[in-house]
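Report on the following structure.
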Amino acid sequence: MSKRALITGITGQDGSYLAELLLSKGYEVYGVARRLSAPNEWRIEHLKDRITIIQADLLDQLSLIKAVEQADPHEFYNLAAMSFVPSSWDQPMLTGEYNSQGVTRALEAVRRVNPKIRFYQASSSEMYGRVREVPQTELTPFYPRSPYGVSKVFGHYITVNYRESYDLFACSGILFNHESPRRGLEFVTRKVTDGVARIKLGMADHLGLGNLDAHRDWGFAGDYVRAMWLMLQQDEPDDYVVAMGVAHSVKDLVQEAFSHAGLDWEQYVRTDPRFLRPAEVDHLIGNPAKARTVLGWEPSVDFQGLVRMMVDADLERLSRQQAIAAMAVPR
């Protein structure tokens, strides 16, 4: 009998890669998606004939219980969240509802329906905030610097609490920044690679960015979802940092992306104070030693390969759009 998995946030970057991974391993995959007036399913369009979508919402306890009952999963991956950090200052209450209480509702659904379900919670490097040590490990104290980071700390600790209180197999993956061509355009990595592609194709003449000196530990999302799966295959539940162990600045990202397109970044990049955070997180770098030793996890794509992959994908996408637009122009 094949395993069954339930994924909240299946329409997001991580959800789509995780669904692909689980399908390749013979799982039956169920995805939780909120009911929207304009569905956002482009990341999973190629999978829709192989997965089952269930309408539910992290804000609605009853819908989550029904989703767990319907899917009857062996594994539950909670990837849904208000995930864009800058927006958490504009919507702090809603961010808390999804990223804090939403996790509690998901755990409670598992506890009530079938406490033998293995549960994965998507924690975040943003929990470290103003870092207490470099690099950060599973034992580094948290000091979040945004409503998003604060809400993720709650989600992380409520997962630990349910594990210890109810003996659930509940794990948290403290994932550092992980990107891909499927990342939303509002995130700095896609903003840069999309901007480079637009400048290269003559569709834009500059790119506005915030703090170029902020450092992040960037990896490939397709590698990171494999770590999520590995956590739920262990004999005992635990928490793991998933990272590359190497930090790069936003300026490094910009230089690599423009260089790959044959452009000089200094001619096109402008600093825009609108994109600065109220409280910046300056230097995040994870220590993935535990994930590598215990899980046997190893990344397959390095920073340079990731940036080039994303630039190439945006060049291809926008070139295709240009070609379609040209064909539509009356001769």
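A note on labels: chains of the structure tokens are A, B, ... as shown, every chain counts residues from 1, and ligands are counted from 1 in their shown order.
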
- [ ] Report as a PyMOL selection string: the residues of region 206-295 of chain A with a DSSP assignment of alpha helix (DSSP H), based on the backbone of this structure.
- [x] chain A and resi 221-231+250-260+289-290

Resulting file, chosen residues, N, CA and C atoms, as a short mmCIF file (atom, residue, chain, number, x, y, z; two decimals), in the first residue's frame:
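out-v4.cif, freshly written:
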data_model
loop_
_atom_site.label_atom_id
_atom_site.label_comp_id
_atom_site.auth_asym_id
_atom_site.auth_seq_id
_atom_site.Cartn_x
_atom_site.Cartn_y
_atom_site.Cartn_z
N ALA A 221 15.46 25.27 -3.32
CA ALA A 221 14.26 24.72 -2.67
C ALA A 221 14.09 23.23 -2.95
N GLY A 222 14.43 22.79 -4.17
CA GLY A 222 14.30 21.38 -4.50
C GLY A 222 15.15 20.48 -3.61
N ASP A 223 16.29 21.00 -3.15
CA ASP A 223 17.13 20.25 -2.21
C ASP A 223 16.52 20.24 -0.81
N TYR A 224 15.92 21.36 -0.43
CA TYR A 224 15.47 21.52 0.95
C TYR A 224 14.22 20.68 1.25
N VAL A 225 13.36 20.47 0.25
CA VAL A 225 12.18 19.64 0.52
C VAL A 225 12.59 18.18 0.77
N ARG A 226 13.73 17.79 0.21
CA ARG A 226 14.22 16.43 0.46
C ARG A 226 14.58 16.26 1.94
N ALA A 227 15.09 17.33 2.55
CA ALA A 227 15.38 17.29 3.99
C ALA A 227 14.10 17.16 4.80
N MET A 228 13.03 17.83 4.37
CA MET A 228 11.74 17.70 5.07
C MET A 228 11.31 16.23 5.11
N TRP A 229 11.36 15.60 3.94
CA TRP A 229 10.94 14.21 3.85
C TRP A 229 11.81 13.32 4.72
N LEU A 230 13.12 13.54 4.70
CA LEU A 230 14.03 12.72 5.50
C LEU A 230 13.73 12.82 6.99
N MET A 231 13.32 13.99 7.46
CA MET A 231 13.01 14.15 8.88
C MET A 231 11.90 13.21 9.32
N VAL A 250 23.40 40.41 -0.49
CA VAL A 250 22.53 40.74 -1.60
C VAL A 250 23.37 41.26 -2.78
N LYS A 251 24.45 41.97 -2.45
CA LYS A 251 25.35 42.44 -3.51
C LYS A 251 25.97 41.27 -4.26
N ASP A 252 26.35 40.20 -3.55
CA ASP A 252 26.87 39.00 -4.22
C ASP A 252 25.84 38.43 -5.18
N LEU A 253 24.59 38.37 -4.73
CA LEU A 253 23.49 37.88 -5.56
C LEU A 253 23.36 38.73 -6.83
N VAL A 254 23.39 40.04 -6.65
CA VAL A 254 23.25 40.97 -7.76
C VAL A 254 24.41 40.81 -8.75
N GLN A 255 25.62 40.75 -8.24
CA GLN A 255 26.79 40.62 -9.11
C GLN A 255 26.75 39.34 -9.92
N GLU A 256 26.39 38.23 -9.28
CA GLU A 256 26.33 36.94 -9.97
C GLU A 256 25.25 36.94 -11.04
N ALA A 257 24.09 37.49 -10.71
CA ALA A 257 22.98 37.49 -11.66
C ALA A 257 23.27 38.36 -12.88
N PHE A 258 23.76 39.58 -12.66
CA PHE A 258 24.06 40.47 -13.78
C PHE A 258 25.22 39.93 -14.61
N SER A 259 26.23 39.40 -13.94
CA SER A 259 27.38 38.84 -14.65
C SER A 259 26.97 37.69 -15.56
N HIS A 260 26.07 36.84 -15.07
CA HIS A 260 25.63 35.70 -15.88
C HIS A 260 24.91 36.17 -17.15
N ALA A 289 25.23 20.76 10.10
CA ALA A 289 25.97 19.54 10.46
C ALA A 289 25.05 18.42 10.92
N LYS A 290 24.05 18.75 11.72
CA LYS A 290 23.14 17.72 12.24
C LYS A 290 22.33 17.09 11.11
#

Open item on the list: Can you pull out every residue from region 90-309 of chain A that DSSP, working from the backbone, puts in strand (DSSP E or B), and format the result as a VMD selection string?
Closed with: chain A and resid 118 to 124 136 170 to 175 178 to 179 207 to 209 215 to 216 219 to 220 239 to 242 248 to 249 269 to 271 283 286

Please provide as an mmCIF file with all heavy atoms, in the first residue's frame all residues within 8 Å of Leu232 (chain A), with the sequence filter that same-chain residues fewer than 3 positions apart are discarded (counting only C-alpha atoms).
data_model
loop_
_atom_site.group_PDB
_atom_site.id
_atom_site.type_symbol
_atom_site.label_atom_id
_atom_site.label_comp_id
_atom_site.auth_asym_id
_atom_site.auth_seq_id
_atom_site.Cartn_x
_atom_site.Cartn_y
_atom_site.Cartn_z
ATOM 1 N N GLU A 75 1.694 11.127 6.645
ATOM 2 C CA GLU A 75 2.560 12.275 6.887
ATOM 3 C C GLU A 75 1.813 13.569 6.572
ATOM 4 O O GLU A 75 1.064 13.641 5.593
ATOM 5 C CB GLU A 75 3.828 12.185 6.029
ATOM 6 C CG GLU A 75 4.670 10.962 6.332
ATOM 7 C CD GLU A 75 5.777 10.715 5.317
ATOM 8 O OE1 GLU A 75 5.964 11.547 4.399
ATOM 9 O OE2 GLU A 75 6.477 9.684 5.448
ATOM 10 N N ARG A 118 2.670 11.487 11.186
ATOM 11 C CA ARG A 118 3.944 12.191 11.360
ATOM 12 C C ARG A 118 3.799 13.609 10.801
ATOM 13 O O ARG A 118 3.309 13.793 9.685
ATOM 14 C CB ARG A 118 5.080 11.434 10.672
ATOM 15 C CG ARG A 118 5.310 10.067 11.313
ATOM 16 C CD ARG A 118 6.583 9.394 10.854
ATOM 17 N NE ARG A 118 6.861 8.228 11.689
ATOM 18 C CZ ARG A 118 8.062 7.674 11.836
ATOM 19 N NH1 ARG A 118 9.116 8.170 11.196
ATOM 20 N NH2 ARG A 118 8.222 6.629 12.620
ATOM 21 N N PHE A 119 4.252 14.585 11.586
ATOM 22 C CA PHE A 119 3.970 15.992 11.307
ATOM 23 C C PHE A 119 5.258 16.773 11.085
ATOM 24 O O PHE A 119 6.203 16.671 11.868
ATOM 25 C CB PHE A 119 3.196 16.600 12.478
ATOM 26 C CG PHE A 119 2.759 18.028 12.287
ATOM 27 C CD1 PHE A 119 1.549 18.327 11.671
ATOM 28 C CD2 PHE A 119 3.556 19.078 12.730
ATOM 29 C CE1 PHE A 119 1.142 19.649 11.501
ATOM 30 C CE2 PHE A 119 3.153 20.398 12.574
ATOM 31 C CZ PHE A 119 1.949 20.678 11.951
ATOM 32 N N TYR A 120 5.290 17.557 10.010
ATOM 33 C CA TYR A 120 6.423 18.442 9.732
ATOM 34 C C TYR A 120 5.963 19.889 9.795
ATOM 35 O O TYR A 120 4.985 20.274 9.147
ATOM 36 C CB TYR A 120 7.016 18.166 8.347
ATOM 37 C CG TYR A 120 8.062 19.196 7.963
ATOM 38 C CD1 TYR A 120 9.375 19.077 8.391
ATOM 39 C CD2 TYR A 120 7.711 20.327 7.217
ATOM 40 C CE1 TYR A 120 10.329 20.047 8.083
ATOM 41 C CE2 TYR A 120 8.653 21.303 6.911
ATOM 42 C CZ TYR A 120 9.959 21.154 7.337
ATOM 43 O OH TYR A 120 10.888 22.121 7.048
ATOM 44 N N CYS A 171 8.136 17.224 13.892
ATOM 45 C CA CYS A 171 9.462 17.772 13.616
ATOM 46 C C CYS A 171 9.353 19.197 13.094
ATOM 47 O O CYS A 171 8.381 19.542 12.423
ATOM 48 C CB CYS A 171 10.183 16.944 12.553
ATOM 49 S SG CYS A 171 10.424 15.206 12.956
ATOM 50 N N MET A 228 13.026 17.829 4.372
ATOM 51 C CA MET A 228 11.744 17.703 5.070
ATOM 52 C C MET A 228 11.312 16.234 5.105
ATOM 53 O O MET A 228 10.904 15.714 6.156
ATOM 54 C CB MET A 228 10.664 18.512 4.350
ATOM 55 C CG MET A 228 10.905 19.988 4.235
ATOM 56 S SD MET A 228 9.555 20.731 3.249
ATOM 57 C CE MET A 228 10.159 22.394 3.034
ATOM 58 N N TRP A 229 11.356 15.604 3.942
ATOM 59 C CA TRP A 229 10.936 14.205 3.851
ATOM 60 C C TRP A 229 11.809 13.319 4.719
ATOM 61 O O TRP A 229 11.302 12.446 5.451
ATOM 62 C CB TRP A 229 10.991 13.736 2.392
ATOM 63 C CG TRP A 229 10.676 12.280 2.226
ATOM 64 C CD1 TRP A 229 9.441 11.691 2.271
ATOM 65 C CD2 TRP A 229 11.618 11.217 2.028
ATOM 66 N NE1 TRP A 229 9.556 10.334 2.102
ATOM 67 C CE2 TRP A 229 10.879 10.008 1.946
ATOM 68 C CE3 TRP A 229 13.005 11.165 1.898
ATOM 69 C CZ2 TRP A 229 11.492 8.768 1.758
ATOM 70 C CZ3 TRP A 229 13.621 9.931 1.705
ATOM 71 C CH2 TRP A 229 12.861 8.752 1.638
ATOM 72 N N PRO A 237 11.411 11.756 16.384
ATOM 73 C CA PRO A 237 11.216 13.126 15.878
ATOM 74 C C PRO A 237 12.236 14.086 16.479
ATOM 75 O O PRO A 237 12.639 13.938 17.645
ATOM 76 C CB PRO A 237 9.800 13.466 16.351
ATOM 77 C CG PRO A 237 9.624 12.660 17.606
ATOM 78 C CD PRO A 237 10.377 11.379 17.378
#

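Distances to Ser180 (chain A) were evaluated for A:Ala214, A:Met127, A:Val301, A:Ala67 using only C-alpha atoms, and the minimum falls at A:Val301.
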
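Residues surrounding region 86-89 of chain A within 8 Å are Met82, Thr95, Ser146, Pro147, Tyr148 and Arg277 of chain A [only C-alpha atoms; sequence separation below 4 positions excluded].
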
TODO: Please indicate the distance in Å from CA of Ala56 (chain A) to CA of Leu168 (chain A), rounded to one decimal place.
DONE: 22.3 Å

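Using only C-alpha atoms, the nearest neighbour of Ile53 (chain A) within the list A:Tyr166, A:Tyr240, A:Phe154, A:Tyr30 is A:Tyr30.
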
- [ ] Please identify all polymer residues within 10 Å of Met203 (chain A), counting only C-alpha atoms, omitting same-chain residues fewer than 6 positions from it, and present them as a list in words.
- [x]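 Using only C-alpha atoms, the neighbours found are Gly195, Val196, Ala197, Leu318 and Gln322 of chain A.
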
Task: Atom-to-atom span, CA of Tyr17 (chain A) and CA of Val188 (chain A), Å - done: 19.9 Å

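For the residues A:Val150, A:Arg4, A:Pro39, A:Thr11, ranking by smallest atom-to-atom distance to Gly26 (chain A) using only C-alpha atoms places A:Arg4 first.
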
Task: Atomic distance CA of Asn99 (chain A) - CA of Ile65 (chain A), expressed in Å with one decimal - done: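 Between CA of Asn99 (chain A) and CA of Ile65 (chain A) the gap is 17.6 Å.
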
Task: Residue neighbourhood Gly31 (chain A), 7 Å, only C-alpha atoms, exclusion window fewer than 3 positions, as a list of chain:residue names - done: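 The residues satisfying every condition are A:Leu6, A:Ile7, A:Thr8, A:Ile10, A:Thr52, A:Ile53, A:Ile54.
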
Store the residues of this selection in a file with all heavy atoms, as a CSV table (one decimal), in the first residue's frame.
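Output below, filename selection15.csv:
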chain,number,residue,atom,x,y,z
A,6,LEU,N,-0.3,14.7,3.2
A,6,LEU,CA,-1.1,15.9,3.2
A,6,LEU,C,-0.2,17.1,3.3
A,6,LEU,O,0.6,17.2,4.2
A,6,LEU,CB,-2.2,15.9,4.3
A,6,LEU,CG,-3.1,17.1,4.3
A,6,LEU,CD1,-4.0,17.1,3.1
A,6,LEU,CD2,-4.0,17.0,5.6
A,7,ILE,N,-0.3,18.0,2.3
A,7,ILE,CA,0.6,19.2,2.3
A,7,ILE,C,-0.3,20.4,2.3
A,7,ILE,O,-1.1,20.7,1.4
A,7,ILE,CB,1.4,19.2,1.0
A,7,ILE,CG1,2.2,17.9,0.8
A,7,ILE,CG2,2.4,20.4,1.0
A,7,ILE,CD1,2.9,17.8,-0.5
A,8,THR,N,-0.1,21.3,3.4
A,8,THR,CA,-0.7,22.6,3.3
A,8,THR,C,0.3,23.5,2.6
A,8,THR,O,1.5,23.3,2.7
A,8,THR,CB,-1.0,23.2,4.7
A,8,THR,OG1,0.3,23.4,5.4
A,8,THR,CG2,-1.8,22.2,5.6
A,10,ILE,N,0.4,23.7,-0.7
A,10,ILE,CA,0.9,22.9,-1.8
A,10,ILE,C,1.1,23.8,-3.1
A,10,ILE,O,1.9,23.4,-4.0
A,10,ILE,CB,0.0,21.7,-2.1
A,10,ILE,CG1,0.7,20.7,-3.1
A,10,ILE,CG2,-1.3,22.2,-2.7
A,10,ILE,CD1,0.0,19.4,-3.2
A,52,THR,N,-4.6,15.3,-5.3
A,52,THR,CA,-6.0,15.7,-4.9
A,52,THR,C,-6.0,16.9,-4.0
A,52,THR,O,-5.3,17.0,-3.0
A,52,THR,CB,-6.6,14.5,-4.0
A,52,THR,OG1,-6.6,13.3,-4.8
A,52,THR,CG2,-8.1,14.9,-3.6
A,53,ILE,N,-6.7,17.9,-4.5
A,53,ILE,CA,-6.8,19.2,-3.7
A,53,ILE,C,-8.0,19.2,-2.8
A,53,ILE,O,-9.1,18.9,-3.3
A,53,ILE,CB,-6.8,20.4,-4.7
A,53,ILE,CG1,-5.5,20.5,-5.5
A,53,ILE,CG2,-7.0,21.7,-3.9
A,53,ILE,CD1,-4.3,20.7,-4.8
A,54,ILE,N,-7.8,19.6,-1.6
A,54,ILE,CA,-8.9,19.7,-0.6
A,54,ILE,C,-9.0,21.2,-0.2
A,54,ILE,O,-8.0,21.8,0.2
A,54,ILE,CB,-8.6,18.8,0.7
A,54,ILE,CG1,-8.4,17.4,0.3
A,54,ILE,CG2,-9.7,19.0,1.7
A,54,ILE,CD1,-7.9,16.5,1.4

Task: Distance criterion (only C-alpha atoms): nearest to Pro115 (chain A) out of A:Val68, A:Ala247, A:Val307, A:Leu21 - done: A:Val68

Task: Residue with smallest distance to Val131 (chain A) - pool A:Asp49, A:Gly96, A:Glu179, A:Tyr143, counting only C-alpha atoms - done: A:Tyr143

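Minimum atom-to-atom distances from A:Leu207, A:Ile51, A:Leu175, A:Leu284 to Glu266 (chain A) were compared using only C-alpha atoms, and the lowest value belongs to A:Leu207.
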
TODO: Excluding Ala243 (chain A) and any residue of its chain fewer than 4 positions from it, enumerate the residues within 9 Å of it, using only C-alpha atoms, and give them as a list in words.
DONE: Ile174, Leu175, Phe176, Asn177, His178, Asp217, Trp218, Gly219, Tyr224, Ile285, Gly286, Asn287, Pro288, Ala291 and Pro299 of chain A

Dump as a short mmCIF file (atom, residue, chain, number, x, y, z; two decimals), in the first residue's frame, selection limited to all heavy atoms:
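Saved to result-v9.cif:
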data_model
loop_
_atom_site.label_atom_id
_atom_site.label_comp_id
_atom_site.auth_asym_id
_atom_site.auth_seq_id
_atom_site.Cartn_x
_atom_site.Cartn_y
_atom_site.Cartn_z
N ILE A 174 14.23 24.00 10.51
CA ILE A 174 14.60 25.42 10.55
C ILE A 174 15.34 25.70 9.25
O ILE A 174 16.56 25.59 9.16
CB ILE A 174 15.46 25.74 11.78
CG1 ILE A 174 14.77 25.25 13.06
CG2 ILE A 174 15.73 27.24 11.87
CD1 ILE A 174 15.62 25.38 14.32
N LEU A 175 14.57 26.04 8.23
CA LEU A 175 15.12 26.21 6.90
C LEU A 175 15.62 27.63 6.68
O LEU A 175 14.90 28.60 6.94
CB LEU A 175 14.08 25.86 5.83
CG LEU A 175 14.03 24.38 5.40
CD1 LEU A 175 13.81 23.45 6.57
CD2 LEU A 175 12.97 24.18 4.33
N PHE A 176 16.86 27.72 6.23
CA PHE A 176 17.38 29.00 5.80
C PHE A 176 16.88 29.28 4.39
O PHE A 176 16.21 28.45 3.78
CB PHE A 176 18.91 28.99 5.90
CG PHE A 176 19.40 29.18 7.32
CD1 PHE A 176 19.13 28.24 8.30
CD2 PHE A 176 20.08 30.34 7.68
CE1 PHE A 176 19.54 28.42 9.61
CE2 PHE A 176 20.50 30.53 8.99
CZ PHE A 176 20.22 29.58 9.97
N ASN A 177 17.18 30.47 3.87
CA ASN A 177 16.58 30.91 2.61
C ASN A 177 16.80 29.89 1.50
O ASN A 177 17.93 29.51 1.24
CB ASN A 177 17.16 32.26 2.20
CG ASN A 177 16.77 33.37 3.14
OD1 ASN A 177 17.19 33.36 4.29
ND2 ASN A 177 15.98 34.31 2.68
N HIS A 178 15.73 29.49 0.87
CA HIS A 178 15.79 28.52 -0.21
C HIS A 178 14.94 29.05 -1.36
O HIS A 178 13.79 29.41 -1.18
CB HIS A 178 15.36 27.13 0.24
CG HIS A 178 14.11 27.11 1.04
ND1 HIS A 178 14.03 27.61 2.33
CD2 HIS A 178 12.87 26.66 0.74
CE1 HIS A 178 12.80 27.47 2.78
NE2 HIS A 178 12.07 26.91 1.83
N ASP A 217 21.91 32.93 3.78
CA ASP A 217 22.42 31.60 3.45
C ASP A 217 21.43 30.99 2.46
O ASP A 217 20.40 30.46 2.85
CB ASP A 217 22.51 30.77 4.74
CG ASP A 217 23.13 29.41 4.55
OD1 ASP A 217 23.07 28.87 3.44
OD2 ASP A 217 23.66 28.86 5.54
N TRP A 218 21.73 31.11 1.15
CA TRP A 218 20.77 30.74 0.11
C TRP A 218 21.04 29.35 -0.45
O TRP A 218 22.18 29.02 -0.80
CB TRP A 218 20.82 31.73 -1.06
CG TRP A 218 20.05 32.99 -0.86
CD1 TRP A 218 18.71 33.12 -0.66
CD2 TRP A 218 20.57 34.33 -0.87
NE1 TRP A 218 18.36 34.45 -0.54
CE2 TRP A 218 19.47 35.21 -0.67
CE3 TRP A 218 21.85 34.86 -1.03
CZ2 TRP A 218 19.63 36.59 -0.63
CZ3 TRP A 218 22.00 36.24 -0.99
CH2 TRP A 218 20.89 37.09 -0.79
N GLY A 219 19.97 28.53 -0.58
CA GLY A 219 20.07 27.23 -1.21
C GLY A 219 18.89 27.02 -2.16
O GLY A 219 18.04 27.89 -2.33
N TYR A 224 15.92 21.36 -0.43
CA TYR A 224 15.47 21.52 0.95
C TYR A 224 14.22 20.68 1.25
O TYR A 224 14.04 20.23 2.38
CB TYR A 224 15.23 23.00 1.25
CG TYR A 224 16.52 23.78 1.48
CD1 TYR A 224 17.65 23.51 0.69
CD2 TYR A 224 16.63 24.75 2.44
CE1 TYR A 224 18.83 24.20 0.88
CE2 TYR A 224 17.81 25.45 2.64
CZ TYR A 224 18.91 25.17 1.86
OH TYR A 224 20.08 25.85 2.06
N ILE A 285 23.43 32.70 8.78
CA ILE A 285 24.17 31.59 8.20
C ILE A 285 23.98 30.36 9.08
O ILE A 285 24.20 30.42 10.29
CB ILE A 285 25.67 31.92 8.03
CG1 ILE A 285 26.45 30.70 7.53
CG2 ILE A 285 26.26 32.48 9.30
CD1 ILE A 285 27.88 31.02 7.16
N GLY A 286 23.51 29.28 8.50
CA GLY A 286 23.17 28.09 9.27
C GLY A 286 24.28 27.06 9.31
O GLY A 286 25.12 26.99 8.41
N ASN A 287 24.24 26.25 10.35
CA ASN A 287 25.16 25.12 10.48
C ASN A 287 24.36 23.84 10.25
O ASN A 287 23.63 23.39 11.15
CB ASN A 287 25.80 25.10 11.87
CG ASN A 287 26.78 23.95 12.05
OD1 ASN A 287 26.86 23.06 11.20
ND2 ASN A 287 27.53 23.97 13.14
N PRO A 288 24.47 23.22 9.08
CA PRO A 288 23.65 22.05 8.75
C PRO A 288 24.28 20.72 9.16
O PRO A 288 23.89 19.67 8.66
CB PRO A 288 23.55 22.14 7.23
CG PRO A 288 24.88 22.70 6.81
CD PRO A 288 25.29 23.65 7.91
N ALA A 291 21.82 17.91 10.20
CA ALA A 291 21.04 17.38 9.07
C ALA A 291 21.91 16.48 8.20
O ALA A 291 21.46 15.45 7.70
CB ALA A 291 20.45 18.52 8.25
N PRO A 299 23.09 18.97 -0.22
CA PRO A 299 22.53 19.76 -1.31
C PRO A 299 23.19 19.42 -2.64
O PRO A 299 24.35 18.99 -2.67
CB PRO A 299 22.84 21.20 -0.89
CG PRO A 299 24.08 21.09 -0.04
CD PRO A 299 23.94 19.77 0.68
#
